[in-house]
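Structure data follow from target_39.txt (compact mmCIF, C-alpha atoms and all ligand atoms):
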# COMPACT_ATOMS: atom_id res chain seq x y z
CA MET K 1 127.44 -53.99 98.58
CA LEU K 2 127.17 -55.82 101.88
CA CYS K 3 128.83 -55.77 105.24
CA ASN K 4 129.52 -59.02 106.98
CA ASN K 5 129.16 -57.38 110.35
CA SER K 6 126.81 -54.67 111.47
CA ASN K 7 129.09 -51.66 111.89
CA ASN K 8 126.81 -48.70 111.27
CA GLN K 9 123.28 -47.66 112.25
CA SER K 10 121.88 -48.54 108.85
CA ASP K 11 123.22 -52.09 109.04
CA ILE K 12 122.10 -52.39 112.66
CA ASP K 13 118.54 -51.40 111.67
CA LYS K 14 118.47 -53.80 108.70
CA LYS K 15 119.76 -56.62 110.88
CA MET K 16 117.24 -55.92 113.67
CA ALA K 17 114.28 -55.92 111.26
CA ALA K 18 115.54 -59.05 109.52
CA GLU K 19 116.12 -61.01 112.74
CA LYS K 20 112.69 -60.07 114.06
CA ALA K 21 111.14 -61.49 110.88
CA VAL K 22 113.12 -64.72 111.11
CA GLU K 23 111.57 -65.29 114.57
CA LEU K 24 108.30 -65.87 112.69
CA ILE K 25 109.72 -68.77 110.65
CA LYS K 26 108.67 -72.11 112.12
CA ASP K 27 109.58 -75.75 111.50
CA GLY K 28 108.33 -77.12 108.20
CA MET K 29 107.75 -73.75 106.55
CA LYS K 30 108.39 -73.06 102.89
CA VAL K 31 110.05 -69.67 102.72
CA GLY K 32 110.56 -67.13 99.94
CA LEU K 33 113.76 -65.15 100.19
CA GLY K 34 113.83 -61.69 98.59
CA SER K 35 116.96 -59.81 97.63
CA GLY K 36 119.12 -56.98 98.92
CA SER K 37 121.22 -56.07 101.91
CA THR K 38 118.38 -56.39 104.46
CA VAL K 39 117.48 -59.86 103.21
CA PHE K 40 121.17 -60.73 103.54
CA TRP K 41 120.78 -60.49 107.33
CA ALA K 42 117.61 -62.60 107.22
CA VAL K 43 119.39 -65.32 105.23
CA LYS K 44 122.28 -65.26 107.68
CA LYS K 45 119.98 -65.60 110.70
CA LEU K 46 117.84 -68.26 109.02
CA GLY K 47 121.05 -70.15 108.23
CA GLU K 48 121.99 -70.08 111.93
CA GLU K 49 118.56 -71.47 112.83
CA VAL K 50 118.88 -74.20 110.19
CA GLN K 51 122.26 -75.18 111.67
CA LYS K 52 120.50 -75.47 115.06
CA GLY K 53 117.90 -77.83 113.56
CA LEU K 54 115.12 -75.66 112.10
CA GLU K 55 113.68 -77.50 109.10
CA VAL K 56 112.72 -75.18 106.25
CA GLN K 57 112.94 -75.08 102.49
CA ALA K 58 113.40 -71.86 100.56
CA VAL K 59 113.00 -70.29 97.13
CA PRO K 60 115.53 -67.49 96.44
CA SER K 61 114.52 -64.50 94.29
CA SER K 62 117.93 -63.83 92.76
CA VAL K 63 121.19 -65.50 91.89
CA GLU K 64 122.86 -63.50 94.68
CA THR K 65 120.35 -64.63 97.31
CA GLN K 66 120.68 -68.20 96.06
CA LYS K 67 124.44 -68.04 96.66
CA TRP K 68 123.96 -66.69 100.19
CA ALA K 69 121.36 -69.35 101.01
CA GLU K 70 123.58 -72.15 99.68
CA LYS K 71 126.49 -70.82 101.74
CA GLU K 72 124.29 -70.86 104.85
CA GLY K 73 123.15 -74.44 104.17
CA ILE K 74 119.48 -73.52 103.64
CA PRO K 75 117.76 -76.20 101.51
CA LEU K 76 116.34 -74.76 98.28
CA PHE K 77 113.50 -76.01 96.12
CA THR K 78 111.25 -75.07 93.19
CA LEU K 79 107.49 -74.59 93.59
CA LYS K 80 105.20 -77.06 91.87
CA GLN K 81 102.11 -75.77 90.08
CA GLY K 82 99.66 -74.47 92.68
CA GLU K 83 102.09 -74.94 95.58
CA MET K 84 102.38 -71.93 97.89
CA LEU K 85 105.14 -70.59 100.11
CA ASP K 86 104.14 -70.04 103.73
CA VAL K 87 105.99 -66.79 103.99
CA THR K 88 108.32 -64.52 102.01
CA LEU K 89 110.77 -62.11 103.60
CA ASP K 90 111.82 -59.19 101.43
CA GLY K 91 113.22 -55.68 101.60
CA ALA K 92 111.92 -52.37 100.23
CA ASP K 93 113.23 -49.15 98.73
CA GLU K 94 110.31 -46.92 99.71
CA ILE K 95 107.12 -47.54 101.73
CA ASP K 96 104.22 -45.12 101.92
CA LYS K 97 101.80 -44.57 104.79
CA SER K 98 99.33 -47.03 103.23
CA PHE K 99 102.15 -49.59 102.98
CA ASN K 100 102.43 -49.48 99.20
CA ILE K 101 106.00 -50.19 98.26
CA ILE K 102 108.64 -49.49 95.64
CA LYS K 103 111.09 -52.36 95.16
CA GLY K 104 113.69 -53.27 92.58
CA GLY K 105 116.64 -51.14 93.68
CA GLY K 106 118.65 -54.31 93.16
CA GLY K 107 116.86 -55.12 89.92
CA ALA K 108 115.28 -58.31 91.30
CA HIS K 109 111.65 -57.16 91.55
CA LEU K 110 110.26 -59.49 88.87
CA ARG K 111 111.32 -62.63 90.73
CA GLU K 112 110.53 -60.96 94.04
CA LYS K 113 106.99 -60.29 92.86
CA ILE K 114 106.64 -63.87 91.63
CA ILE K 115 107.54 -65.29 95.04
CA ALA K 116 105.43 -62.66 96.82
CA ALA K 117 102.44 -63.65 94.68
CA SER K 118 103.14 -67.29 95.52
CA SER K 119 103.21 -66.66 99.27
CA ASN K 120 100.49 -66.85 101.88
CA THR K 121 102.26 -64.07 103.79
CA LEU K 122 104.61 -61.33 102.58
CA ILE K 123 106.74 -59.76 105.29
CA ILE K 124 108.64 -56.61 104.35
CA ILE K 125 111.74 -55.79 106.37
CA ALA K 126 113.48 -52.42 106.19
CA GLU K 127 115.03 -49.50 107.96
CA LYS K 128 112.32 -47.14 109.18
CA ARG K 129 113.87 -44.30 107.19
CA LYS K 130 112.49 -45.94 104.02
CA GLN K 131 108.98 -44.88 105.10
CA VAL K 132 107.59 -41.78 103.35
CA GLN K 133 104.24 -39.98 103.16
CA VAL K 134 103.92 -40.40 99.40
CA LEU K 135 105.94 -42.62 97.04
CA GLY K 136 108.07 -40.99 94.39
CA LYS K 137 111.46 -39.89 95.71
CA PHE K 138 112.82 -43.30 94.73
CA PRO K 139 112.55 -43.92 90.97
CA VAL K 140 110.22 -46.79 90.05
CA PRO K 141 112.23 -49.66 88.55
CA VAL K 142 110.49 -51.16 85.51
CA GLU K 143 111.86 -54.34 83.95
CA ILE K 144 111.65 -54.22 80.15
CA VAL K 145 112.69 -56.55 77.35
CA PRO K 146 115.91 -55.47 75.60
CA PHE K 147 114.41 -55.62 72.08
CA GLU K 148 113.89 -52.03 70.82
CA ALA K 149 114.24 -50.74 74.37
CA ALA K 150 114.22 -47.10 73.20
CA SER K 151 110.68 -47.47 71.89
CA THR K 152 109.54 -49.02 75.17
CA LEU K 153 111.17 -46.12 77.05
CA HIS K 154 109.21 -43.70 74.87
CA ARG K 155 105.93 -45.42 75.80
CA ILE K 156 106.94 -45.42 79.48
CA ALA K 157 107.67 -41.67 79.35
CA SER K 158 104.03 -41.15 78.32
CA SER K 159 103.05 -42.22 81.85
CA GLY K 160 104.51 -38.92 83.08
CA CYS K 161 108.05 -39.83 84.05
CA ARG K 162 111.64 -39.46 82.93
CA PRO K 163 112.84 -43.02 82.32
CA GLU K 164 116.55 -43.88 82.40
CA LEU K 165 118.04 -47.21 81.46
CA ARG K 166 119.97 -48.51 84.47
CA LYS K 167 123.71 -48.82 83.98
CA ASN K 168 126.29 -51.13 85.49
CA ASN K 169 129.44 -49.04 85.09
CA GLU K 170 129.76 -48.47 81.31
CA ASP K 171 127.37 -51.29 80.36
CA LEU K 172 123.62 -51.55 80.69
CA PHE K 173 122.45 -53.41 83.79
CA VAL K 174 121.03 -56.83 82.88
CA THR K 175 118.65 -58.61 85.27
CA ASP K 176 118.82 -62.30 86.22
CA ASN K 177 116.12 -62.73 83.55
CA GLY K 178 118.23 -61.16 80.79
CA ASN K 179 116.18 -57.95 80.70
CA TYR K 180 116.89 -54.23 81.22
CA ILE K 181 115.68 -51.92 83.97
CA ALA K 182 114.16 -48.51 83.26
CA ASP K 183 114.41 -46.35 86.39
CA CYS K 184 111.41 -44.04 86.14
CA PHE K 185 111.54 -40.64 87.84
CA TYR K 186 108.13 -39.28 88.83
CA ASP K 187 107.02 -36.51 91.10
CA SER K 188 104.79 -37.72 93.93
CA ILE K 189 102.92 -40.95 93.15
CA TYR K 190 99.46 -40.58 94.66
CA TYR K 191 97.85 -43.53 92.88
CA PRO K 192 100.45 -46.32 92.72
CA ASP K 193 97.81 -48.90 91.75
CA LEU K 194 96.76 -46.91 88.66
CA LEU K 195 100.37 -46.19 87.73
CA HIS K 196 101.23 -49.90 88.02
CA GLU K 197 98.30 -50.84 85.77
CA LYS K 198 99.23 -48.20 83.21
CA LEU K 199 102.87 -49.31 83.07
CA LYS K 200 101.94 -53.00 82.88
CA SER K 201 99.72 -52.29 79.88
CA LEU K 202 102.64 -50.95 77.80
CA VAL K 203 104.18 -53.22 75.19
CA GLY K 204 107.73 -54.18 76.19
CA VAL K 205 107.17 -53.81 79.94
CA VAL K 206 107.66 -57.03 81.91
CA GLU K 207 107.03 -55.92 85.50
CA THR K 208 107.07 -52.83 87.68
CA GLY K 209 108.64 -52.38 91.09
CA LEU K 210 105.34 -51.12 92.52
CA PHE K 211 104.03 -53.57 95.13
CA VAL K 212 100.56 -52.26 95.87
CA GLY K 213 98.57 -53.81 98.71
CA MET K 214 100.80 -56.88 98.71
CA ALA K 215 102.48 -56.72 102.13
CA ASP K 216 100.88 -58.61 105.03
CA LYS K 217 103.35 -57.42 107.63
CA ILE K 218 105.94 -54.65 107.66
CA ILE K 219 108.82 -54.74 110.12
CA LEU K 220 110.75 -51.48 110.35
CA ALA K 221 113.69 -50.77 112.60
CA ASP K 222 115.46 -47.63 113.74
CA GLY K 223 117.58 -46.56 116.70
CA GLY K 224 114.40 -46.60 118.78
CA GLY K 225 113.69 -50.28 118.20
CA VAL K 226 111.65 -52.55 115.97
CA HIS K 227 108.13 -51.60 114.87
CA THR K 228 105.71 -54.12 113.35
CA TYR K 229 102.72 -53.03 111.26
CA THR K 230 99.88 -55.11 109.83
CA PRO K 231 98.34 -53.29 106.86
CA GLU K 232 94.58 -53.52 106.48
CA LYS K 233 93.72 -55.47 103.35
CA PRO K 234 90.60 -54.84 101.31
CA ALA K 235 88.04 -57.61 101.86
CA GLY K 236 87.76 -60.32 99.19
O1 LIG T 301 113.85 -54.76 95.83
C1 LIG T 301 114.97 -55.06 96.14
C2 LIG T 301 115.93 -55.64 95.17
O2 LIG T 301 115.40 -55.70 93.89
C3 LIG T 301 115.43 -54.85 97.54
O3 LIG T 301 114.57 -55.52 98.40
C4 LIG T 301 115.43 -53.38 97.82
O4 LIG T 301 116.24 -52.74 96.84
C5 LIG T 301 115.94 -53.08 99.21
O5 LIG T 301 117.29 -53.38 99.29
P1 LIG T 301 118.15 -53.15 100.61
O6 LIG T 301 117.64 -54.12 101.63
O7 LIG T 301 119.57 -53.44 100.15
O8 LIG T 301 117.97 -51.72 101.03
Encoded form using structure tokens:
Amino acid sequence: MLCNNSNNQSDIDKKMAAEKAVELIKDGMKVGLGSGSTVFWAVKKLGEEVQKGLEVQAVPSSVETQKWAEKEGIPLFTLKQGEMLDVTLDGADEIDKSFNIIKGGGGAHLREKIIAASSNTLIIIAEKRKQVQVLGKFPVPVEIVPFEAASTLHRIASSGCRPELRKNNEDLFVTDNGNYIADCFYDSIYYPDLLHEKLKSLVGVVETGLFVGMADKIILADGGGVHTYTPEKPAG
């Protein structure tokens, strides 16, 4: 899935966004590490900084990210009850103009959402081409329990989508949590908050890949450079 050197524009953009975000990591910080090929570059850069003496501790959101972090010599830890991460860096599959996000292309969105919810600041890093007017071109990944998955898919379809169980070659894709992913194909998603609530209310659904109003900073890169956005958050 990943390149070890940035040899095309997509990789260059991912790397630029990731490295910009790592500049915001300071000594003593507790850092959440998301998943995916953009986060790969962040882990690599953070590893370089750790080798130079930066003192951080991190929580990885997937087995794959954990392996990368261990390889880079980034100390890992587990949050205690009530303990917060200072910042989480994570990628995105689609970002709308209000900075609502679809994640879970790698099937890691449950753990990603857990670390995002345990972070004082969530920074999303991505190629600028992931930004759209309205969410919906990318199917919404929904993690579901394997037990009687067909009946859960039927309930999910009632939310107005065509759900497909994600495959890994001939087998079903299984998440790090032992669950399945239903990729849900909608037309335009105008109310991602309502859709998230509806999906979460269905028996058998564990978590959706809709991250609504969660990002504190979005760093997007393209051939023209790196662009940083700070979404307005509702008061309270
Ligand atoms: O949500 C994710 C994994 O579950 C990733 O952050 C998302 O799929 C983006 O990945 P990439 O940086 O490889 O484009």
Spatial neighbours of Asp90 of chain K, 7 Å, all atoms listed in the file, chain gap at least 3 places, as a list of chain:residue names: K:Leu33, K:Gly34, K:Ser35, K:Val39, K:Ile123, K:Ile124, K:Ile125
Nearby residues, (126.2, -67.5, 105.1) file frame, 8 Å, only C-alpha atoms, as number ranges by chain: K: 43-44, 47, 68-73
Ligand LIG 301 (chain T) neighbours within 7 Å using all atoms listed in the file, as a list of chain:residue names: K:Gly34, K:Ser35, K:Gly36, K:Ser37, K:Thr38, K:Val39, K:Asp90, K:Gly91, K:Ala92, K:Asp93, K:Lys103, K:Gly104, K:Gly105, K:Gly106, K:Gly107, K:Ala108, K:His109, K:Ala126
Residues of segment 88-109 of chain K at most 10 Å from segment 216-235 of chain K: nearest atom pair and distance in Å, only C-alpha atoms, as JSON lines:
{"residue": "K:Thr88", "atom": "CA", "partner": "K:Asp216", "partner_atom": "CA", "distance": 10.0}
{"residue": "K:Leu89", "atom": "CA", "partner": "K:Lys217", "partner_atom": "CA", "distance": 9.7}
{"residue": "K:Asp90", "atom": "CA", "partner": "K:Ile218", "partner_atom": "CA", "distance": 9.7}
{"residue": "K:Gly91", "atom": "CA", "partner": "K:Ile218", "partner_atom": "CA", "distance": 9.5}
{"residue": "K:Ala92", "atom": "CA", "partner": "K:Ile218", "partner_atom": "CA", "distance": 9.8}
{"residue": "K:Ile95", "atom": "CA", "partner": "K:Ile218", "partner_atom": "CA", "distance": 9.3}
{"residue": "K:Lys97", "atom": "CA", "partner": "K:Pro231", "partner_atom": "CA", "distance": 9.6}
{"residue": "K:Ser98", "atom": "CA", "partner": "K:Pro231", "partner_atom": "CA", "distance": 7.3}
{"residue": "K:Phe99", "atom": "CA", "partner": "K:Pro231", "partner_atom": "CA", "distance": 6.6}
{"residue": "K:Asn100", "atom": "CA", "partner": "K:Pro231", "partner_atom": "CA", "distance": 9.5}
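Distances from K:Arg129, K:Lys45, K:Lys198, K:Lys14 to Ala157 of chain K were compared using all atoms listed in the file, and the smallest one belongs to K:Lys198.
Taking atom CA of Phe147 of chain K as the reference point, atom CA of Val63 of chain K is found at 23.2 Å.
Distance-wise, atom CA of Ala42 of chain K and atom CA of Ile25 of chain K end up 10.6 Å apart.
The two atoms in question, atom CA of Ser151 of chain K and atom CA of Leu195 of chain K, are spaced 18.9 Å apart.
For the set K:Met84, K:Cys161, K:Leu172, K:Ala21, the residue with the smallest atom-to-atom gap to Phe185 of chain K is K:Cys161, counting all atoms listed in the file.
Nearest to Ile102 of chain K of all the residues K:Pro192, K:Pro146, K:Ile156, K:Val206 is K:Pro192, counting only C-alpha atoms.
Closest to Leu153 of chain K among K:Val203, K:Ile189, K:Ile114, K:Leu54 is K:Val203, based on all atoms listed in the file.
Minimum distance to Asp13 of chain K across K:Glu112, K:Glu127, K:Lys200, K:Ser62 (counting only C-alpha atoms) occurs at K:Glu127.
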Near-Glu164 of chain K list (7 Å; all atoms listed in the file; drop same-chain fewer than 2 positions) as a PyMOL selection string: chain K and resi 162+166+182-184
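Using only C-alpha atoms, the smallest distance between any of K:Thr175, K:Gln133, K:Ser201, K:Asn169 and Arg155 of chain K comes from K:Ser201.
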